>>> print(open('coords_36.cif').read())   # mmCIF, C-alpha atoms
data_start
#
loop_
_atom_site.label_atom_id
_atom_site.label_comp_id
_atom_site.auth_asym_id
_atom_site.auth_seq_id
_atom_site.Cartn_x
_atom_site.Cartn_y
_atom_site.Cartn_z
CA MET A 717 0.00 0.00 0.00
CA SER A 718 1.53 3.31 -1.11
CA GLN A 719 1.28 6.70 0.61
CA SER A 720 1.67 10.25 -0.67
CA VAL A 721 1.77 13.66 1.05
CA VAL A 722 0.48 16.86 -0.59
CA PHE A 723 -0.25 20.43 0.54
CA ALA A 724 -3.60 22.00 -0.37
CA GLN A 725 -6.13 24.64 0.62
CA HIS A 726 -8.41 23.74 3.52
CA ASN A 727 -11.93 22.91 2.35
CA ASP A 728 -14.02 22.63 5.52
CA GLN A 729 -16.68 20.16 4.42
CA HIS A 730 -18.01 17.06 6.09
CA ILE A 731 -17.90 13.76 4.27
CA SER A 732 -21.28 12.34 3.35
CA MET A 733 -21.75 8.61 3.69
CA GLU A 734 -22.84 6.62 0.67
CA VAL A 735 -24.97 3.52 0.42
CA ASN A 736 -22.86 0.59 -0.70
CA GLU A 737 -25.47 -2.13 -0.77
CA SER A 738 -28.81 -2.68 -2.45
CA SER A 739 -31.84 -1.19 -0.72
CA SER A 740 -33.87 -4.26 -1.71
CA LEU A 741 -32.84 -6.00 1.50
CA ASP A 742 -35.68 -6.17 4.02
CA LEU A 743 -33.88 -6.21 7.37
CA ALA A 744 -36.08 -3.78 9.32
CA LYS A 745 -39.63 -4.40 8.18
CA ASN A 746 -41.14 -3.68 11.61
CA SER A 747 -39.45 -0.30 12.10
CA LYS A 748 -40.20 3.09 10.58
CA SER A 749 -36.54 3.72 9.75
CA ALA A 750 -33.17 2.06 10.13
CA ILE A 751 -29.53 2.35 9.18
CA LEU A 752 -26.39 0.24 9.46
CA ILE A 753 -22.89 1.72 9.17
CA GLU A 754 -19.31 0.68 9.74
CA ARG A 755 -17.88 3.02 12.34
CA ASP A 756 -14.37 3.83 11.11
CA THR A 757 -15.30 4.59 7.50
CA GLY A 758 -18.88 5.71 8.07
CA ASN A 759 -19.93 3.62 5.05
CA ILE A 760 -23.61 2.74 4.96
CA LEU A 761 -24.34 -0.97 4.62
CA TYR A 762 -28.12 -0.77 4.90
CA ASP A 763 -30.65 2.03 4.77
CA LYS A 764 -34.38 2.27 5.28
CA ASN A 765 -35.93 5.74 5.36
CA SER A 766 -32.91 6.89 7.36
CA ASP A 767 -33.62 10.59 6.67
CA GLU A 768 -37.18 10.51 8.03
CA LYS A 769 -37.54 12.92 10.96
CA LEU A 770 -38.83 11.09 14.01
CA PRO A 771 -38.82 11.57 17.80
CA PRO A 772 -35.60 9.95 19.09
CA ALA A 773 -36.77 9.51 22.70
CA SER A 774 -33.86 8.70 25.03
CA MET A 775 -31.44 8.17 22.14
CA THR A 776 -31.16 11.94 22.60
CA LYS A 777 -28.77 11.06 25.43
CA ILE A 778 -26.15 10.01 22.86
CA MET A 779 -25.57 13.71 22.28
CA THR A 780 -25.71 14.38 26.03
CA MET A 781 -23.02 11.76 26.62
CA LEU A 782 -20.94 13.12 23.72
CA LEU A 783 -20.79 16.57 25.34
CA ILE A 784 -19.98 15.00 28.71
CA MET A 785 -17.08 13.03 27.23
CA GLU A 786 -15.79 16.13 25.43
CA ALA A 787 -15.84 18.08 28.70
CA ILE A 788 -13.90 15.30 30.42
CA GLU A 789 -11.28 15.20 27.66
CA LYS A 790 -10.86 18.99 27.84
CA GLY A 791 -10.28 18.80 31.60
CA GLU A 792 -13.47 20.73 32.36
CA LEU A 793 -14.79 17.71 34.27
CA THR A 794 -13.26 14.85 36.22
CA LEU A 795 -14.91 11.52 36.91
CA ASP A 796 -14.50 11.87 40.67
CA GLU A 797 -15.97 15.38 40.82
CA LYS A 798 -19.21 15.55 42.82
CA VAL A 799 -22.18 17.28 41.21
CA LYS A 800 -24.90 18.82 43.38
CA VAL A 801 -28.41 17.94 42.24
CA SER A 802 -30.83 20.81 41.64
CA GLU A 803 -34.56 20.86 42.32
CA LYS A 804 -35.23 20.68 38.58
CA ALA A 805 -32.99 17.66 38.05
CA SER A 806 -34.54 15.81 40.98
CA SER A 807 -38.07 16.41 39.68
CA MET A 808 -37.63 14.82 36.26
CA GLY A 809 -40.09 12.08 35.36
CA GLY A 810 -39.71 9.00 33.20
CA SER A 811 -36.59 6.85 33.58
CA GLN A 812 -34.59 8.03 36.56
CA ILE A 813 -32.13 7.06 39.25
CA PHE A 814 -34.15 8.93 41.91
CA LEU A 815 -31.77 11.75 42.67
CA GLU A 816 -32.80 14.02 45.52
CA GLU A 817 -32.45 17.80 45.61
CA GLY A 818 -29.15 18.70 47.25
CA GLU A 819 -27.71 15.20 46.84
CA GLU A 820 -24.16 15.01 45.55
CA MET A 821 -23.09 12.29 43.13
CA THR A 822 -19.87 11.83 41.18
CA VAL A 823 -19.65 12.40 37.44
CA ASP A 824 -18.67 8.73 37.15
CA ASP A 825 -21.91 7.56 38.78
CA LEU A 826 -24.08 10.08 36.95
CA LEU A 827 -22.60 8.98 33.63
CA LYS A 828 -23.33 5.40 34.63
CA GLY A 829 -26.89 6.39 35.49
CA ILE A 830 -27.34 7.93 32.03
CA ALA A 831 -25.68 5.15 30.03
CA VAL A 832 -27.18 2.18 31.85
CA ALA A 833 -30.49 3.31 33.34
CA SER A 834 -31.25 6.21 30.95
CA GLY A 835 -31.69 8.49 33.94
CA ASN A 836 -33.42 11.73 32.98
CA ASP A 837 -32.53 13.23 36.33
CA ALA A 838 -28.85 12.34 35.84
CA SER A 839 -28.91 13.88 32.35
CA VAL A 840 -30.30 17.18 33.60
CA ALA A 841 -27.84 17.26 36.52
CA MET A 842 -24.93 16.86 34.13
CA ALA A 843 -26.38 19.37 31.66
CA GLU A 844 -26.63 21.95 34.43
CA ARG A 845 -23.11 21.23 35.63
CA ILE A 846 -21.58 21.64 32.15
CA ALA A 847 -23.58 24.61 30.83
CA GLY A 848 -25.14 26.21 33.91
CA SER A 849 -28.66 25.34 32.84
CA GLU A 850 -30.36 22.72 30.74
CA GLU A 851 -31.44 25.43 28.29
CA ALA A 852 -27.83 26.50 27.74
CA PHE A 853 -26.82 22.85 27.38
CA VAL A 854 -29.45 22.34 24.68
CA GLU A 855 -27.86 25.23 22.77
CA MET A 856 -24.57 23.36 22.99
CA MET A 857 -26.28 20.20 21.72
CA ASN A 858 -27.71 21.95 18.67
CA LYS A 859 -24.42 23.70 18.00
CA LYS A 860 -22.72 20.30 17.99
CA VAL A 861 -25.39 19.01 15.61
CA LYS A 862 -24.40 21.73 13.13
CA TYR A 863 -20.69 21.04 13.65
CA LEU A 864 -21.27 17.40 12.70
CA GLY A 865 -22.90 18.58 9.48
CA LEU A 866 -26.35 17.27 10.40
CA THR A 867 -29.44 19.04 9.05
CA SER A 868 -32.32 16.85 10.26
CA THR A 869 -31.92 17.01 14.04
CA LYS A 870 -33.16 19.52 16.59
CA PHE A 871 -33.13 19.08 20.35
CA GLN A 872 -35.32 20.78 22.97
CA ASN A 873 -33.96 18.97 26.04
CA SER A 874 -31.11 16.74 27.19
CA THR A 875 -33.27 13.72 27.95
CA GLY A 876 -35.50 12.89 25.00
CA LEU A 877 -38.70 13.40 26.96
CA PRO A 878 -41.54 14.36 24.59
CA ALA A 879 -41.29 17.97 23.40
CA GLU A 880 -42.56 19.86 20.39
CA ASP A 881 -40.03 20.31 17.58
CA HIS A 882 -37.64 17.72 19.08
CA TYR A 883 -36.61 15.32 16.34
CA SER A 884 -33.80 13.41 14.64
CA THR A 885 -33.25 10.68 12.05
CA ALA A 886 -31.67 7.25 12.01
CA HIS A 887 -28.86 8.66 9.85
CA ASP A 888 -28.15 11.53 12.23
CA MET A 889 -28.22 9.26 15.29
CA ALA A 890 -25.65 7.00 13.60
CA VAL A 891 -23.36 9.98 12.96
CA MET A 892 -23.71 11.14 16.57
CA ALA A 893 -22.94 7.62 17.77
CA LYS A 894 -19.88 7.55 15.52
CA ALA A 895 -18.67 10.77 17.13
CA LEU A 896 -19.35 9.48 20.65
CA LEU A 897 -17.41 6.28 20.01
CA LYS A 898 -14.25 8.32 19.42
CA TYR A 899 -14.18 8.37 23.21
CA GLU A 900 -13.40 4.72 23.74
CA ALA A 901 -14.05 4.93 27.49
CA ILE A 902 -17.77 5.42 26.85
CA THR A 903 -18.25 1.69 26.28
CA ASN A 904 -16.96 1.10 29.82
CA TYR A 905 -20.37 2.49 30.81
CA THR A 906 -22.69 1.48 27.97
CA SER A 907 -21.53 -2.16 28.16
CA ILE A 908 -22.57 -2.56 31.81
CA TYR A 909 -25.55 -4.87 32.12
CA GLU A 910 -26.18 -4.41 35.82
CA ASP A 911 -24.56 -2.46 38.65
CA TYR A 912 -25.41 -0.39 41.72
CA LEU A 913 -25.40 3.26 42.72
CA ARG A 914 -24.98 4.33 46.36
CA LYS A 915 -23.84 0.76 47.05
CA GLY A 916 -23.85 -0.21 50.71
CA THR A 917 -26.16 2.62 51.75
CA GLU A 918 -29.86 2.70 52.64
CA LYS A 919 -30.55 4.26 49.25
CA GLU A 920 -28.70 1.64 47.18
CA PHE A 921 -30.11 1.62 43.64
CA TRP A 922 -29.92 -1.32 41.23
CA LEU A 923 -29.11 -0.44 37.63
CA VAL A 924 -30.15 -2.75 34.80
CA ASN A 925 -29.27 -1.84 31.23
CA THR A 926 -32.25 -0.97 29.06
CA ASN A 927 -30.25 -2.40 26.12
CA LYS A 928 -30.65 -6.13 26.59
CA LEU A 929 -28.41 -6.91 23.60
CA VAL A 930 -25.44 -6.02 25.80
CA ARG A 931 -26.02 -9.40 27.44
CA PHE A 932 -27.57 -11.39 24.61
CA TYR A 933 -25.64 -10.45 21.43
CA GLU A 934 -21.93 -11.18 21.28
CA GLY A 935 -19.89 -8.03 20.76
CA VAL A 936 -22.59 -5.48 21.61
CA ASP A 937 -21.29 -2.90 24.09
CA GLY A 938 -23.68 0.03 23.68
CA LEU A 939 -25.15 2.47 23.02
CA LYS A 940 -28.64 3.79 23.85
CA THR A 941 -32.27 2.74 23.81
CA GLY A 942 -35.31 4.98 23.62
CA PHE A 943 -39.05 4.73 24.18
CA THR A 944 -42.01 7.05 24.39
CA ASN A 945 -45.57 6.50 23.27
CA GLU A 946 -44.92 8.76 20.30
CA ALA A 947 -41.47 7.43 19.36
CA LYS A 948 -42.23 3.77 20.06
CA TYR A 949 -39.17 1.53 20.53
CA CYS A 950 -35.81 2.84 19.32
CA LEU A 951 -32.22 1.68 19.67
CA THR A 952 -28.82 2.84 18.55
CA ALA A 953 -26.55 -0.16 19.07
CA THR A 954 -22.88 -0.78 18.45
CA ALA A 955 -20.90 -4.00 18.31
CA GLU A 956 -17.30 -4.97 17.70
CA LYS A 957 -16.18 -8.32 16.31
CA ASP A 958 -12.81 -9.24 14.80
CA GLY A 959 -11.69 -5.61 14.85
CA MET A 960 -14.76 -4.35 12.96
CA ARG A 961 -17.11 -1.95 14.76
CA THR A 962 -20.61 -1.35 13.45
CA ILE A 963 -23.45 0.96 14.41
CA ALA A 964 -27.07 -0.02 13.84
CA VAL A 965 -30.10 2.20 14.44
CA VAL A 966 -33.79 1.39 14.37
CA MET A 967 -36.55 3.89 15.11
CA GLY A 968 -40.27 3.40 15.58
CA ALA A 969 -40.32 -0.35 16.21
CA LYS A 970 -43.64 -1.64 17.52
CA THR A 971 -42.30 -3.76 20.38
CA PRO A 972 -39.00 -4.20 22.23
CA LYS A 973 -38.77 -7.67 20.70
CA ASP A 974 -39.04 -6.20 17.19
CA ARG A 975 -36.41 -3.60 18.05
CA ASN A 976 -33.91 -6.17 19.30
CA ASN A 977 -34.58 -8.65 16.50
CA GLU A 978 -34.05 -6.05 13.80
CA ILE A 979 -30.85 -4.73 15.34
CA SER A 980 -29.62 -8.33 15.56
CA LYS A 981 -30.43 -8.94 11.89
CA LEU A 982 -28.57 -5.79 10.87
CA LEU A 983 -25.50 -6.82 12.85
CA ASP A 984 -25.66 -10.39 11.52
CA TYR A 985 -25.71 -9.03 7.99
CA ALA A 986 -22.72 -6.76 8.58
CA TYR A 987 -20.49 -9.48 9.99
CA ALA A 988 -21.55 -12.09 7.42
CA LYS A 989 -20.88 -9.89 4.37
CA PHE A 990 -18.05 -7.50 5.22
CA ASP A 991 -14.55 -7.29 6.64
CA THR A 992 -12.36 -4.42 7.72
CA LYS A 993 -8.61 -3.89 7.62
CA PRO A 994 -7.17 -1.58 10.30
CA LEU A 995 -4.64 0.92 8.90
CA TYR A 996 -3.96 3.40 11.71
CA GLU A 997 -4.80 3.70 15.38
CA LYS A 998 -6.25 6.86 16.89
CA ASN A 999 -3.51 9.45 17.65
CA GLN A 1000 -0.95 7.57 15.53
CA VAL A 1001 1.74 9.73 13.93
CA VAL A 1002 1.34 9.58 10.14
CA THR A 1003 3.70 12.36 9.07
CA SER A 1004 5.56 15.44 10.31
CA PHE A 1005 6.69 18.67 8.76
CA GLU A 1006 9.37 21.28 9.36
CA TRP A 1007 8.12 24.68 10.48
CA LEU A 1008 10.76 27.38 10.66
CA LYS A 1009 8.61 29.86 12.58
CA ALA A 1010 7.30 27.41 15.20
CA ASN A 1011 8.82 26.98 18.66
CA GLN A 1012 9.37 23.32 17.79
CA GLN A 1013 10.67 22.95 14.29
CA LYS A 1014 9.38 19.42 13.72
CA VAL A 1015 5.60 19.14 14.13
CA ASP A 1016 4.00 15.67 14.33
CA VAL A 1017 0.66 15.11 12.63
CA VAL A 1018 -1.59 12.37 14.04
CA THR A 1019 -4.91 10.73 13.21
CA SER A 1020 -7.99 12.14 14.94
CA ASP A 1021 -9.59 8.69 14.93
CA SER A 1022 -8.80 5.10 14.07
CA VAL A 1023 -8.63 4.42 10.33
CA SER A 1024 -9.82 1.25 8.65
CA ILE A 1025 -11.06 0.18 5.26
CA LEU A 1026 -14.30 -1.70 4.77
CA TYR A 1027 -14.77 -4.18 1.94
CA PRO A 1028 -17.00 -7.07 0.91
CA LYS A 1029 -15.45 -10.36 1.92
CA GLY A 1030 -13.13 -11.72 -0.75
CA THR A 1031 -12.20 -8.32 -2.23
CA ASP A 1032 -8.68 -7.77 -3.65
CA LEU A 1033 -6.99 -4.90 -1.79
CA ASP A 1034 -3.87 -4.55 -3.96
CA LYS A 1035 -4.88 -1.11 -5.30
CA VAL A 1036 -5.58 0.50 -1.93
CA GLU A 1037 -3.54 3.67 -1.34
CA THR A 1038 -3.40 6.44 1.26
CA LYS A 1039 -2.98 10.13 0.54
CA ILE A 1040 -2.12 12.72 3.20
CA THR A 1041 -3.14 16.32 2.57
CA ILE A 1042 -1.71 19.10 4.76
CA TYR A 1043 -3.57 22.40 4.51
CA LYS A 1044 -1.63 25.47 3.37
CA ASP A 1045 -3.60 28.04 5.35
CA ILE A 1046 -2.35 27.04 8.81
CA THR A 1047 -1.29 29.92 11.08
CA LEU A 1048 0.35 30.01 14.48
CA PRO A 1049 -0.32 29.61 17.35
CA LEU A 1050 -2.08 26.22 17.27
CA GLU A 1051 -3.75 24.30 20.07
CA LYS A 1052 -3.35 20.57 20.51
CA GLY A 1053 -6.03 18.82 18.45
CA THR A 1054 -6.25 21.49 15.74
CA VAL A 1055 -7.13 19.91 12.38
CA VAL A 1056 -4.30 20.57 9.91
CA GLY A 1057 -5.08 18.09 7.15
CA LYS A 1058 -6.80 14.90 6.12
CA LEU A 1059 -5.92 11.30 5.37
CA GLN A 1060 -7.71 9.79 2.40
CA VAL A 1061 -7.86 6.07 1.61
CA THR A 1062 -8.62 5.18 -2.00
CA ASP A 1063 -9.09 2.08 -4.13
CA GLY A 1064 -8.45 3.29 -7.64
CA GLU A 1065 -10.88 6.17 -8.21
CA GLN A 1066 -13.09 5.21 -5.26
CA VAL A 1067 -12.61 7.11 -1.98
CA MET A 1068 -12.96 4.55 0.80
CA SER A 1069 -12.57 6.90 3.78
CA GLU A 1070 -11.38 10.33 4.90
CA THR A 1071 -10.08 11.14 8.38
CA ASP A 1072 -9.07 14.47 9.91
CA LEU A 1073 -5.40 14.87 10.82
CA MET A 1074 -4.41 17.04 13.77
CA ILE A 1075 -1.37 18.18 15.71
CA SER A 1076 -0.49 16.22 18.83
CA GLU A 1077 0.57 19.16 21.02
CA ASP A 1078 0.42 22.94 21.30
CA VAL A 1079 2.60 24.84 18.82
CA GLU A 1080 3.63 28.44 19.51
CA HIS A 1081 5.63 31.07 17.62
CA ALA A 1082 9.39 30.59 17.77
CA ASN A 1083 11.20 33.23 19.82
CA LEU A 1084 13.87 35.49 18.31
CA LEU A 1085 16.74 33.36 19.56
CA GLN A 1086 15.27 30.21 17.98
CA LEU A 1087 14.71 32.02 14.68
CA PHE A 1088 18.26 33.37 14.70
CA LYS A 1089 19.78 29.93 15.36
CA ARG A 1090 17.74 28.29 12.58
CA THR A 1091 18.58 31.02 10.10
CA PHE A 1092 22.25 30.77 11.02
CA GLN A 1093 22.24 26.95 10.67
CA SER A 1094 20.46 27.05 7.32
CA PHE A 1095 22.87 29.70 6.04
CA PHE A 1096 25.91 27.51 6.73
#
>>> encode(input="coords_36.cif", output="structure tokens")
Amino acid sequence: MSQSVVFAQHNDQHISMEVNESSSLDLAKNSKSAILIERDTGNILYDKNSDEKLPPASMTKIMTMLLIMEAIEKGELTLDEKVKVSEKASSMGGSQIFLEEGEEMTVDDLLKGIAVASGNDASVAMAERIAGSEEAFVEMMNKKVKYLGLTSTKFQNSTGLPAEDHYSTAHDMAVMAKALLKYEAITNYTSIYEDYLRKGTEKEFWLVNTNKLVRFYEGVDGLKTGFTNEAKYCLTATAEKDGMRTIAVVMGAKTPKDRNNEISKLLDYAYAKFDTKPLYEKNQVVTSFEWLKANQQKVDVVTSDSVSILYPKGTDLDKVETKITIYKDITLPLEKGTVVGKLQVTDGEQVMSETDLMISEDVEHANLLQLFKRTFQSFF
């Protein structure tokens, strides 16, 4: 497999996923909409009405968890930090972990309460901690929706409780799940089948995962169920087998049995028909470049996510190539994680995947002494 490096102007556009398989397959006949994608490439393996706007119910919490994980990565939250529960958070109905006003619970336990028990009270408590109010948090959610390039999702709350003009699509939920799974630690929570909160106290609370496939389908380790009378039964599930991670979404299933059966069929199809080949790990150095005016002359460029190629079983991969593009319009200073290019995987004329490339640490302007030394060295 060959690799090339080029420099080009930055074109800030999101990659749209394309259907690779025939839509004649009937894998989700008892759901209003469904989609199946491979996580690393984002390639669609199955699609049924995936752009139909529907109430997502508690699958909304995929976005809530995404913003929580981002805050943790940025250092704005720690897992052992205790969050004080407000009156509003404690009064939420629906699925809950029965938080009381004034109670303090760690971020770790609240995240567990969201991921496993779909706690509406835990979601609001975390929303208030991150943004100051749930309303401000919802603004963050919708801003993230736009950042992900999604046009068919709008949130009115952090929980998925019924609300006017609160909607999403199977496609958009799959993209949000793909973004959430960049934070590999999230499956430490979503894969839990049962656990306890406040263990050993009078208010010990037993958690049982609303996603039963975590126990009953090999490889499933998330992500989020949903149910309201309007939305019916929904599930965004993810599984990993033999290094291949898939995401399957069904919305509007009539019964929980239908929901689970159709997710299982989608996953069965993916692992029977397709394989993946890992190329790069997340944060792996793929190239570096010399920068005279930077405080560190050699700047490493790393992958923002793991990179794989997806192909039908039995496909010849001899023509697969990778191309690294570094944008020309990069200016100092740069923060760690700034996107500076892209890595494209191709098979002949077909683009198999594109992944953002970023810098692995902060880069500042070189000082005068550094510039003088480099100029002097280059002169001689």
>>> residues_around(input="coords_36.cif", residues="segment 919-922 of chain A", least_positions_apart="5", cutoff="8 Å", atoms="all atoms listed in the file", output="MDAnalysis selection string")
chainID A and resid 813 910:914
>>> write_last_selection(input="coords_36.cif", atoms="C-alpha atoms", output="PDB file, in the coordinates of the input")
ATOM      1  CA  ILE A 813     -32.130   7.060  39.250  1.00  0.00           C
ATOM      2  CA  GLU A 910     -26.180  -4.410  35.820  1.00  0.00           C
ATOM      3  CA  ASP A 911     -24.560  -2.460  38.650  1.00  0.00           C
ATOM      4  CA  TYR A 912     -25.410  -0.390  41.720  1.00  0.00           C
ATOM      5  CA  LEU A 913     -25.400   3.260  42.720  1.00  0.00           C
ATOM      6  CA  ARG A 914     -24.980   4.330  46.360  1.00  0.00           C
TER       7      ARG A 914
END
>>> residues_around(input="coords_36.cif", residues="Val966 of chain A", least_positions_apart="3", cutoff="9 Å", atoms="only C-alpha atoms", output="short mmCIF file (atom, residue, chain, number, x, y, z; two decimals) with C-alpha atoms, keeping the file's coordinate frame")
data_model
loop_
_atom_site.label_atom_id
_atom_site.label_comp_id
_atom_site.auth_asym_id
_atom_site.auth_seq_id
_atom_site.Cartn_x
_atom_site.Cartn_y
_atom_site.Cartn_z
CA ALA A 744 -36.08 -3.78 9.32
CA SER A 747 -39.45 -0.30 12.10
CA LYS A 748 -40.20 3.09 10.58
CA SER A 749 -36.54 3.72 9.75
CA ALA A 750 -33.17 2.06 10.13
CA ILE A 751 -29.53 2.35 9.18
CA LEU A 752 -26.39 0.24 9.46
CA SER A 766 -32.91 6.89 7.36
CA ALA A 886 -31.67 7.25 12.01
CA TYR A 949 -39.17 1.53 20.53
CA CYS A 950 -35.81 2.84 19.32
CA LEU A 951 -32.22 1.68 19.67
CA THR A 952 -28.82 2.84 18.55
CA ALA A 953 -26.55 -0.16 19.07
CA ALA A 969 -40.32 -0.35 16.21
CA ARG A 975 -36.41 -3.60 18.05
CA GLU A 978 -34.05 -6.05 13.80
CA ILE A 979 -30.85 -4.73 15.34
#
>>> resolve_selection(input="coords_36.cif", expression="the PyMOL selection byres ((chain A and resi 986) around 9)", output="PyMOL selection string")
chain A and resi 752-754+761-762+962+981-985+987-991
>>> write_last_selection(input="coords_36.cif", atoms="C-alpha atoms", output="short mmCIF file (atom, residue, chain, number, x, y, z; two decimals), in the coordinates of the input")
data_model
loop_
_atom_site.label_atom_id
_atom_site.label_comp_id
_atom_site.auth_asym_id
_atom_site.auth_seq_id
_atom_site.Cartn_x
_atom_site.Cartn_y
_atom_site.Cartn_z
CA LEU A 752 -26.39 0.24 9.46
CA ILE A 753 -22.89 1.72 9.17
CA GLU A 754 -19.31 0.68 9.74
CA LEU A 761 -24.34 -0.97 4.62
CA TYR A 762 -28.12 -0.77 4.90
CA THR A 962 -20.61 -1.35 13.45
CA LYS A 981 -30.43 -8.94 11.89
CA LEU A 982 -28.57 -5.79 10.87
CA LEU A 983 -25.50 -6.82 12.85
CA ASP A 984 -25.66 -10.39 11.52
CA TYR A 985 -25.71 -9.03 7.99
CA TYR A 987 -20.49 -9.48 9.99
CA ALA A 988 -21.55 -12.09 7.42
CA LYS A 989 -20.88 -9.89 4.37
CA PHE A 990 -18.05 -7.50 5.22
CA ASP A 991 -14.55 -7.29 6.64
#
>>> residues_near_point(input="coords_36.cif", point="(-10.2, 3.9, 19.2)", cutoff="9 Å", atoms="all atoms listed in the file", output="PyMOL selection string")
chain A and resi 897-900+997-999+1021-1022
>>> resolve_selection(input="coords_36.cif", expression="the PyMOL selection byres ((chain A and resi 909) around 9)", output="short mmCIF file (atom, residue, chain, number, x, y, z; two decimals) with C-alpha atoms, in the frame of the given file")
data_model
loop_
_atom_site.label_atom_id
_atom_site.label_comp_id
_atom_site.auth_asym_id
_atom_site.auth_seq_id
_atom_site.Cartn_x
_atom_site.Cartn_y
_atom_site.Cartn_z
CA VAL A 832 -27.18 2.18 31.85
CA THR A 906 -22.69 1.48 27.97
CA SER A 907 -21.53 -2.16 28.16
CA ILE A 908 -22.57 -2.56 31.81
CA GLU A 910 -26.18 -4.41 35.82
CA ASP A 911 -24.56 -2.46 38.65
CA LEU A 923 -29.11 -0.44 37.63
CA VAL A 924 -30.15 -2.75 34.80
CA ASN A 925 -29.27 -1.84 31.23
CA THR A 926 -32.25 -0.97 29.06
CA ASN A 927 -30.25 -2.40 26.12
CA LYS A 928 -30.65 -6.13 26.59
CA VAL A 930 -25.44 -6.02 25.80
CA ARG A 931 -26.02 -9.40 27.44
#
>>> closest_atom_pairs(input="coords_36.cif", of="segment 932-1043 of chain A", to="segment 1065-1076 of chain A", cutoff="8 Å", atoms="all atoms listed in the file", output="CSV")
residue,atom,partner,partner_atom,distance
A:Asn999,CA,A:Ser1076,CA,7.5
A:Val1015,CA,A:Ile1075,CA,7.2
A:Asp1016,CA,A:Ile1075,CA,6.1
A:Val1017,CA,A:Ile1075,CA,4.8
A:Val1018,CA,A:Met1074,CA,5.5
A:Thr1019,CA,A:Leu1073,CA,4.8
A:Ser1020,CA,A:Leu1073,CA,5.6
A:Asp1021,CA,A:Thr1071,CA,7.0
A:Val1023,CA,A:Thr1071,CA,7.1
A:Ser1024,CA,A:Ser1069,CA,7.9
A:Ile1025,CA,A:Met1068,CA,6.5
A:Leu1026,CA,A:Met1068,CA,7.5
>>> atom_distance(input="coords_36.cif", atom1="atom CA of Met842 of chain A", atom2="atom CA of Ile830 of chain A")
9.5 Å
>>> atom_distance(input="coords_36.cif", atom1="atom CA of Met779 of chain A", atom2="atom CA of Leu795 of chain A")
18.2 Å
>>> residues_near_point(input="coords_36.cif", point="(-44.7, 9.3, 17.8)", cutoff="9 Å", atoms="all atoms listed in the file", output="list in words")
Leu770, Pro771, Thr944, Asn945, Glu946, Ala947, Lys948 and Gly968 of chain A
>>> atom_distance(input="coords_36.cif", atom1="atom CA of Ser834 of chain A", atom2="atom CA of Lys859 of chain A")
22.8 Å
